[in-house]
Amino acid sequence: MILHQRDAVALALVDREVREYLRRTDSLQRLPLILDRLARFQGSKETSLGVALDQVAAEARRRGIAMIFSDLFDDEEALFKGMEKLSYSGQELVVFHVLDPHELTFPFDGTWRFRNLEGADEIQTSPADFRESYLKNYQAFRDRIKAACDRFQAHYVLVDTSRSVAETLSGYLAFRSSVRRRK
């Protein structure tokens, strides 16, 4: 979409650090390469988004829009420092907070086994025993993320993975268009 508007785009694929960086281009001919890299990327199980954002900020030579797509489960202090560096490097930030609907509502009943996808931890428990605590802590986490976004004038976009990408992006673009009209 960005390239079709004749704007430039760069791509950084990250986990604990920047694994791949495609420099800024405005060539529509580079779109297949960008899509291929997105499709083939296999990040490690562990992430350090804050460190990776520091590296991206160092690479960003021109002002632009930095779009971050992540569940944001990371060291919050490092994440916020990375966001700060990106913001101070002249990037407008858009944070797409990608979440499964189960993370948002925690609808589990009975006994479940939960496994940490970024490690080997596993527990078996009855989710009803801690649903209220989970939802309260999760909302506090989201509130901290939103507060950091406000601090760095970043747009915060909740991405519920049960909704289509087109629905999420069109909703964000409509919001962005209304903000621009008000300015």
# chains A, B, ... in the order shown; residues from 1 in each chain; ligands from 1

$ select_by_dssp --residues "chain A" --states "strand (DSSP E or B)" --output "ChimeraX atom specification"
/A:9-14,18-25,64-70,91-99,112-115,122-125,155-160

$ closest_atom_pairs --of "range 38-136 of chain A" --to "range 166-181 of chain A" --cutoff "12 Å" --atoms "only C-alpha atoms" --output "JSON lines"
{"residue": "A:Met67", "atom": "CA", "partner": "A:Leu169", "partner_atom": "CA", "distance": 11.9}
{"residue": "A:Val94", "atom": "CA", "partner": "A:Tyr172", "partner_atom": "CA", "distance": 9.8}
{"residue": "A:Val95", "atom": "CA", "partner": "A:Tyr172", "partner_atom": "CA", "distance": 10.9}
{"residue": "A:Phe96", "atom": "CA", "partner": "A:Thr168", "partner_atom": "CA", "distance": 9.5}
{"residue": "A:His97", "atom": "CA", "partner": "A:Thr168", "partner_atom": "CA", "distance": 11.2}
{"residue": "A:Val98", "atom": "CA", "partner": "A:Thr168", "partner_atom": "CA", "distance": 10.6}

$ write_last_selection --atoms "N, CA and C atoms" --output "PDB file, in the first residue's frame"
ATOM      1  N   MET A  67       6.383   1.395  11.941  1.00  0.00           N
ATOM      2  CA  MET A  67       5.261   0.565  12.358  1.00  0.00           C
ATOM      3  C   MET A  67       5.811  -0.669  13.054  1.00  0.00           C
ATOM      4  N   VAL A  94       3.804   3.931  15.097  1.00  0.00           N
ATOM      5  CA  VAL A  94       2.506   3.273  15.121  1.00  0.00           C
ATOM      6  C   VAL A  94       2.760   1.889  15.703  1.00  0.00           C
ATOM      7  N   VAL A  95       2.133   1.605  16.831  1.00  0.00           N
ATOM      8  CA  VAL A  95       2.336   0.333  17.517  1.00  0.00           C
ATOM      9  C   VAL A  95       1.100  -0.537  17.312  1.00  0.00           C
ATOM     10  N   PHE A  96       1.285  -1.626  16.567  1.00  0.00           N
ATOM     11  CA  PHE A  96       0.223  -2.594  16.347  1.00  0.00           C
ATOM     12  C   PHE A  96       0.417  -3.705  17.379  1.00  0.00           C
ATOM     13  N   HIS A  97      -0.408  -3.675  18.417  1.00  0.00           N
ATOM     14  CA  HIS A  97      -0.306  -4.625  19.519  1.00  0.00           C
ATOM     15  C   HIS A  97      -1.097  -5.880  19.141  1.00  0.00           C
ATOM     16  N   VAL A  98      -0.391  -6.922  18.709  1.00  0.00           N
ATOM     17  CA  VAL A  98      -0.988  -8.125  18.138  1.00  0.00           C
ATOM     18  C   VAL A  98      -1.307  -9.132  19.249  1.00  0.00           C
TER      19      VAL A  98
END

$ residues_around --residues "Gln29 in chain A" --least-positions-apart "6" --cutoff "12 Å" --atoms "only C-alpha atoms" --output "short mmCIF file (atom, residue, chain, number, x, y, z; two decimals) with N, CA and C atoms, in the first residue's frame"
data_model
loop_
_atom_site.label_atom_id
_atom_site.label_comp_id
_atom_site.auth_asym_id
_atom_site.auth_seq_id
_atom_site.Cartn_x
_atom_site.Cartn_y
_atom_site.Cartn_z
N LEU A 3 4.04 1.52 -1.01
CA LEU A 3 4.75 1.65 -2.29
C LEU A 3 3.80 2.10 -3.41
N HIS A 4 2.57 1.66 -3.38
CA HIS A 4 1.60 2.09 -4.40
C HIS A 4 1.32 3.59 -4.30
N ARG A 6 3.64 5.63 -3.80
CA ARG A 6 4.95 6.17 -4.19
C ARG A 6 5.74 6.73 -3.01
N LEU A 35 7.91 -9.06 0.44
CA LEU A 35 6.91 -10.07 0.80
C LEU A 35 7.56 -11.44 1.03
#

$ residues_around --residues "Arg19 in chain A" --least-positions-apart "3" --cutoff "10 Å" --atoms "only C-alpha atoms" --output "JSON, numbers by chain"
{"A": [12, 13, 14, 15, 16, 41, 42, 43, 44, 52]}

$ write_last_selection --atoms "all heavy atoms" --output "PDB file, in the first residue's frame"
ATOM      1  N   ALA A  12      12.491  -4.146   8.760  1.00  0.00           N
ATOM      2  CA  ALA A  12      13.391  -4.713   9.759  1.00  0.00           C
ATOM      3  C   ALA A  12      12.685  -5.913  10.377  1.00  0.00           C
ATOM      4  O   ALA A  12      11.580  -5.782  10.904  1.00  0.00           O
ATOM      5  CB  ALA A  12      13.730  -3.689  10.834  1.00  0.00           C
ATOM      6  N   LEU A  13      13.299  -7.070  10.287  1.00  0.00           N
ATOM      7  CA  LEU A  13      12.783  -8.285  10.904  1.00  0.00           C
ATOM      8  C   LEU A  13      13.637  -8.564  12.131  1.00  0.00           C
ATOM      9  O   LEU A  13      14.861  -8.661  12.030  1.00  0.00           O
ATOM     10  CB  LEU A  13      12.831  -9.445   9.911  1.00  0.00           C
ATOM     11  CG  LEU A  13      11.971  -9.223   8.659  1.00  0.00           C
ATOM     12  CD1 LEU A  13      12.267 -10.274   7.605  1.00  0.00           C
ATOM     13  CD2 LEU A  13      10.507  -9.216   9.016  1.00  0.00           C
ATOM     14  N   VAL A  14      12.998  -8.680  13.286  1.00  0.00           N
ATOM     15  CA  VAL A  14      13.738  -8.719  14.542  1.00  0.00           C
ATOM     16  C   VAL A  14      13.268  -9.855  15.448  1.00  0.00           C
ATOM     17  O   VAL A  14      12.153 -10.326  15.340  1.00  0.00           O
ATOM     18  CB  VAL A  14      13.610  -7.372  15.297  1.00  0.00           C
ATOM     19  CG1 VAL A  14      14.003  -6.210  14.408  1.00  0.00           C
ATOM     20  CG2 VAL A  14      12.207  -7.149  15.823  1.00  0.00           C
ATOM     21  N   ASP A  15      14.154 -10.246  16.345  1.00  0.00           N
ATOM     22  CA  ASP A  15      13.816 -11.069  17.497  1.00  0.00           C
ATOM     23  C   ASP A  15      14.645 -10.511  18.659  1.00  0.00           C
ATOM     24  O   ASP A  15      14.307  -9.483  19.209  1.00  0.00           O
ATOM     25  CB  ASP A  15      13.972 -12.576  17.260  1.00  0.00           C
ATOM     26  CG  ASP A  15      15.300 -12.973  16.629  1.00  0.00           C
ATOM     27  OD1 ASP A  15      16.315 -12.297  16.877  1.00  0.00           O
ATOM     28  OD2 ASP A  15      15.327 -13.978  15.900  1.00  0.00           O
ATOM     29  N   ARG A  16      15.784 -11.101  18.972  1.00  0.00           N
ATOM     30  CA  ARG A  16      16.641 -10.510  20.013  1.00  0.00           C
ATOM     31  C   ARG A  16      17.434  -9.326  19.476  1.00  0.00           C
ATOM     32  O   ARG A  16      17.993  -8.550  20.238  1.00  0.00           O
ATOM     33  CB  ARG A  16      17.602 -11.551  20.563  1.00  0.00           C
ATOM     34  CG  ARG A  16      16.929 -12.583  21.430  1.00  0.00           C
ATOM     35  CD  ARG A  16      17.936 -13.590  21.862  1.00  0.00           C
ATOM     36  NE  ARG A  16      18.433 -14.253  20.672  1.00  0.00           N
ATOM     37  CZ  ARG A  16      18.640 -15.543  20.560  1.00  0.00           C
ATOM     38  NH1 ARG A  16      18.442 -16.310  21.571  1.00  0.00           N
ATOM     39  NH2 ARG A  16      19.071 -16.066  19.438  1.00  0.00           N
ATOM     40  N   PHE A  41      10.646 -15.405   7.127  1.00  0.00           N
ATOM     41  CA  PHE A  41      11.339 -15.093   8.379  1.00  0.00           C
ATOM     42  C   PHE A  41      10.926 -16.046   9.495  1.00  0.00           C
ATOM     43  O   PHE A  41       9.751 -16.274   9.745  1.00  0.00           O
ATOM     44  CB  PHE A  41      11.050 -13.650   8.804  1.00  0.00           C
ATOM     45  CG  PHE A  41      11.751 -13.270  10.078  1.00  0.00           C
ATOM     46  CD1 PHE A  41      13.130 -13.152  10.114  1.00  0.00           C
ATOM     47  CD2 PHE A  41      11.047 -13.044  11.241  1.00  0.00           C
ATOM     48  CE1 PHE A  41      13.802 -12.798  11.281  1.00  0.00           C
ATOM     49  CE2 PHE A  41      11.696 -12.695  12.416  1.00  0.00           C
ATOM     50  CZ  PHE A  41      13.072 -12.571  12.433  1.00  0.00           C
ATOM     51  N   GLN A  42      11.930 -16.610  10.149  1.00  0.00           N
ATOM     52  CA  GLN A  42      11.730 -17.470  11.310  1.00  0.00           C
ATOM     53  C   GLN A  42      12.539 -16.880  12.461  1.00  0.00           C
ATOM     54  O   GLN A  42      13.741 -17.073  12.539  1.00  0.00           O
ATOM     55  CB  GLN A  42      12.222 -18.895  11.023  1.00  0.00           C
ATOM     56  CG  GLN A  42      11.453 -19.605   9.945  1.00  0.00           C
ATOM     57  CD  GLN A  42      10.048 -19.960  10.387  1.00  0.00           C
ATOM     58  OE1 GLN A  42       9.831 -20.386  11.516  1.00  0.00           O
ATOM     59  NE2 GLN A  42       9.093 -19.776   9.501  1.00  0.00           N
ATOM     60  N   GLY A  43      11.884 -16.133  13.321  1.00  0.00           N
ATOM     61  CA  GLY A  43      12.575 -15.548  14.460  1.00  0.00           C
ATOM     62  C   GLY A  43      12.881 -16.606  15.508  1.00  0.00           C
ATOM     63  O   GLY A  43      12.351 -17.710  15.477  1.00  0.00           O
ATOM     64  N   SER A  44      13.738 -16.252  16.440  1.00  0.00           N
ATOM     65  CA  SER A  44      14.030 -17.182  17.530  1.00  0.00           C
ATOM     66  C   SER A  44      12.882 -17.118  18.529  1.00  0.00           C
ATOM     67  O   SER A  44      12.007 -16.263  18.449  1.00  0.00           O
ATOM     68  CB  SER A  44      15.350 -16.803  18.205  1.00  0.00           C
ATOM     69  OG  SER A  44      15.211 -15.597  18.927  1.00  0.00           O
ATOM     70  N   ALA A  52      16.335  -4.354  19.616  1.00  0.00           N
ATOM     71  CA  ALA A  52      16.130  -4.295  18.166  1.00  0.00           C
ATOM     72  C   ALA A  52      15.667  -2.901  17.729  1.00  0.00           C
ATOM     73  O   ALA A  52      16.122  -2.396  16.696  1.00  0.00           O
ATOM     74  CB  ALA A  52      15.117  -5.354  17.741  1.00  0.00           C
TER      75      ALA A  52
END

$ select_by_dssp --residues "range 42-167 of chain A" --states "alpha helix (DSSP H)" --output "PyMOL selection string"
chain A and resi 49-59+76-88+101-105+131-151+165-167

$ residues_around --residues "Asp109 in chain A" --least-positions-apart "2" --cutoff "7 Å" --atoms "only C-alpha atoms" --output "ChimeraX atom specification"
/A:107,111,127-128

$ write_last_selection --atoms "all heavy atoms" --output "PDB file, in the first residue's frame"
ATOM      1  N   PRO A 107     -10.983 -17.058  28.150  1.00  0.00           N
ATOM      2  CA  PRO A 107     -12.270 -17.751  28.274  1.00  0.00           C
ATOM      3  C   PRO A 107     -12.187 -19.224  28.690  1.00  0.00           C
ATOM      4  O   PRO A 107     -13.146 -19.967  28.522  1.00  0.00           O
ATOM      5  CB  PRO A 107     -12.803 -17.663  26.838  1.00  0.00           C
ATOM      6  CG  PRO A 107     -11.566 -17.794  26.012  1.00  0.00           C
ATOM      7  CD  PRO A 107     -10.509 -17.022  26.780  1.00  0.00           C
ATOM      8  N   THR A 111      -9.661 -27.807  33.231  1.00  0.00           N
ATOM      9  CA  THR A 111      -8.227 -27.874  33.531  1.00  0.00           C
ATOM     10  C   THR A 111      -7.457 -27.790  32.219  1.00  0.00           C
ATOM     11  O   THR A 111      -7.778 -28.482  31.261  1.00  0.00           O
ATOM     12  CB  THR A 111      -7.879 -29.181  34.254  1.00  0.00           C
ATOM     13  OG1 THR A 111      -8.639 -29.249  35.463  1.00  0.00           O
ATOM     14  CG2 THR A 111      -6.396 -29.244  34.581  1.00  0.00           C
ATOM     15  N   PRO A 127      -7.971 -22.502  35.005  1.00  0.00           N
ATOM     16  CA  PRO A 127      -7.931 -21.068  34.709  1.00  0.00           C
ATOM     17  C   PRO A 127      -8.942 -20.239  35.504  1.00  0.00           C
ATOM     18  O   PRO A 127      -8.685 -19.077  35.787  1.00  0.00           O
ATOM     19  CB  PRO A 127      -8.238 -20.994  33.214  1.00  0.00           C
ATOM     20  CG  PRO A 127      -7.879 -22.327  32.692  1.00  0.00           C
ATOM     21  CD  PRO A 127      -8.165 -23.296  33.798  1.00  0.00           C
ATOM     22  N   ALA A 128     -10.062 -20.833  35.883  1.00  0.00           N
ATOM     23  CA  ALA A 128     -11.067 -20.086  36.640  1.00  0.00           C
ATOM     24  C   ALA A 128     -10.490 -19.566  37.946  1.00  0.00           C
ATOM     25  O   ALA A 128     -10.921 -18.518  38.448  1.00  0.00           O
ATOM     26  CB  ALA A 128     -12.284 -20.965  36.902  1.00  0.00           C
TER      27      ALA A 128
END

$ closest_residue --among "A:Thr25, A:Gln91, A:Thr47, A:Thr105" --to "Tyr138 in chain A" --atoms "only C-alpha atoms"
A:Thr105

$ residues_around --residues "range 120-125 of chain A" --least-positions-apart "3" --cutoff "12 Å" --atoms "only C-alpha atoms" --output "ChimeraX atom specification"
/A:45-46,108-117,128-131

$ write_last_selection --atoms "N, CA and C atoms" --output "CSV table (one decimal), in the first residue's frame"
chain,number,residue,atom,x,y,z
A,45,LYS,N,12.9,-18.0,19.5
A,45,LYS,CA,11.8,-18.1,20.5
A,45,LYS,C,11.9,-16.9,21.4
A,46,GLU,N,13.0,-16.3,21.6
A,46,GLU,CA,13.2,-15.2,22.6
A,46,GLU,C,13.3,-13.9,21.8
A,108,PHE,N,-11.1,-19.7,29.2
A,108,PHE,CA,-10.8,-21.1,29.5
A,108,PHE,C,-11.6,-21.6,30.7
A,109,ASP,N,-12.2,-22.8,30.6
A,109,ASP,CA,-12.8,-23.5,31.7
A,109,ASP,C,-12.2,-24.9,31.8
A,110,GLY,N,-12.4,-25.5,32.9
A,110,GLY,CA,-11.9,-26.8,33.1
A,110,GLY,C,-10.4,-26.8,33.5
A,111,THR,N,-9.7,-27.8,33.2
A,111,THR,CA,-8.2,-27.9,33.5
A,111,THR,C,-7.5,-27.8,32.2
A,112,TRP,N,-6.5,-26.9,32.2
A,112,TRP,CA,-5.7,-26.7,31.0
A,112,TRP,C,-4.2,-26.8,31.3
A,113,ARG,N,-3.4,-27.1,30.3
A,113,ARG,CA,-2.0,-27.1,30.4
A,113,ARG,C,-1.5,-25.9,29.5
A,114,PHE,N,-0.8,-24.9,30.2
A,114,PHE,CA,-0.3,-23.7,29.5
A,114,PHE,C,1.2,-23.9,29.3
A,115,ARG,N,1.6,-23.5,28.1
A,115,ARG,CA,3.0,-23.6,27.8
A,115,ARG,C,3.5,-22.3,27.3
A,116,ASN,N,4.7,-21.9,27.8
A,116,ASN,CA,5.3,-20.6,27.4
A,116,ASN,C,6.0,-20.9,26.0
A,117,LEU,N,5.5,-20.2,25.0
A,117,LEU,CA,6.0,-20.5,23.6
A,117,LEU,C,7.4,-19.9,23.4
A,128,ALA,N,-10.1,-20.8,35.9
A,128,ALA,CA,-11.1,-20.1,36.6
A,128,ALA,C,-10.5,-19.6,37.9
A,129,ASP,N,-9.5,-20.3,38.5
A,129,ASP,CA,-8.9,-19.9,39.7
A,129,ASP,C,-8.1,-18.5,39.7
A,130,PHE,N,-7.6,-18.2,38.5
A,130,PHE,CA,-6.9,-16.9,38.4
A,130,PHE,C,-7.3,-16.0,37.2
A,131,ARG,N,-8.5,-16.3,36.6
A,131,ARG,CA,-9.0,-15.5,35.5
A,131,ARG,C,-9.1,-14.0,35.9

$ atom_distance --atom1 "CA of Ser133 in chain A" --atom2 "CA of Glu103 in chain A"
12.9 Å

$ atom_distance --atom1 "CA of Ala140 in chain A" --atom2 "CA of Met83 in chain A"
19.0 Å

$ atom_distance --atom1 "CA of Tyr21 in chain A" --atom2 "CA of Gln55 in chain A"
10.1 Å

$ closest_residue --among "A:Ala66, A:Cys149, A:Leu11, A:Ala60" --to "Leu93 in chain A" --atoms "only C-alpha atoms"
A:Ala66

$ closest_residue --among "A:Glu92, A:Glu20, A:Asp100, A:Glu76" --to "Glu59 in chain A" --atoms "only C-alpha atoms"
A:Glu20
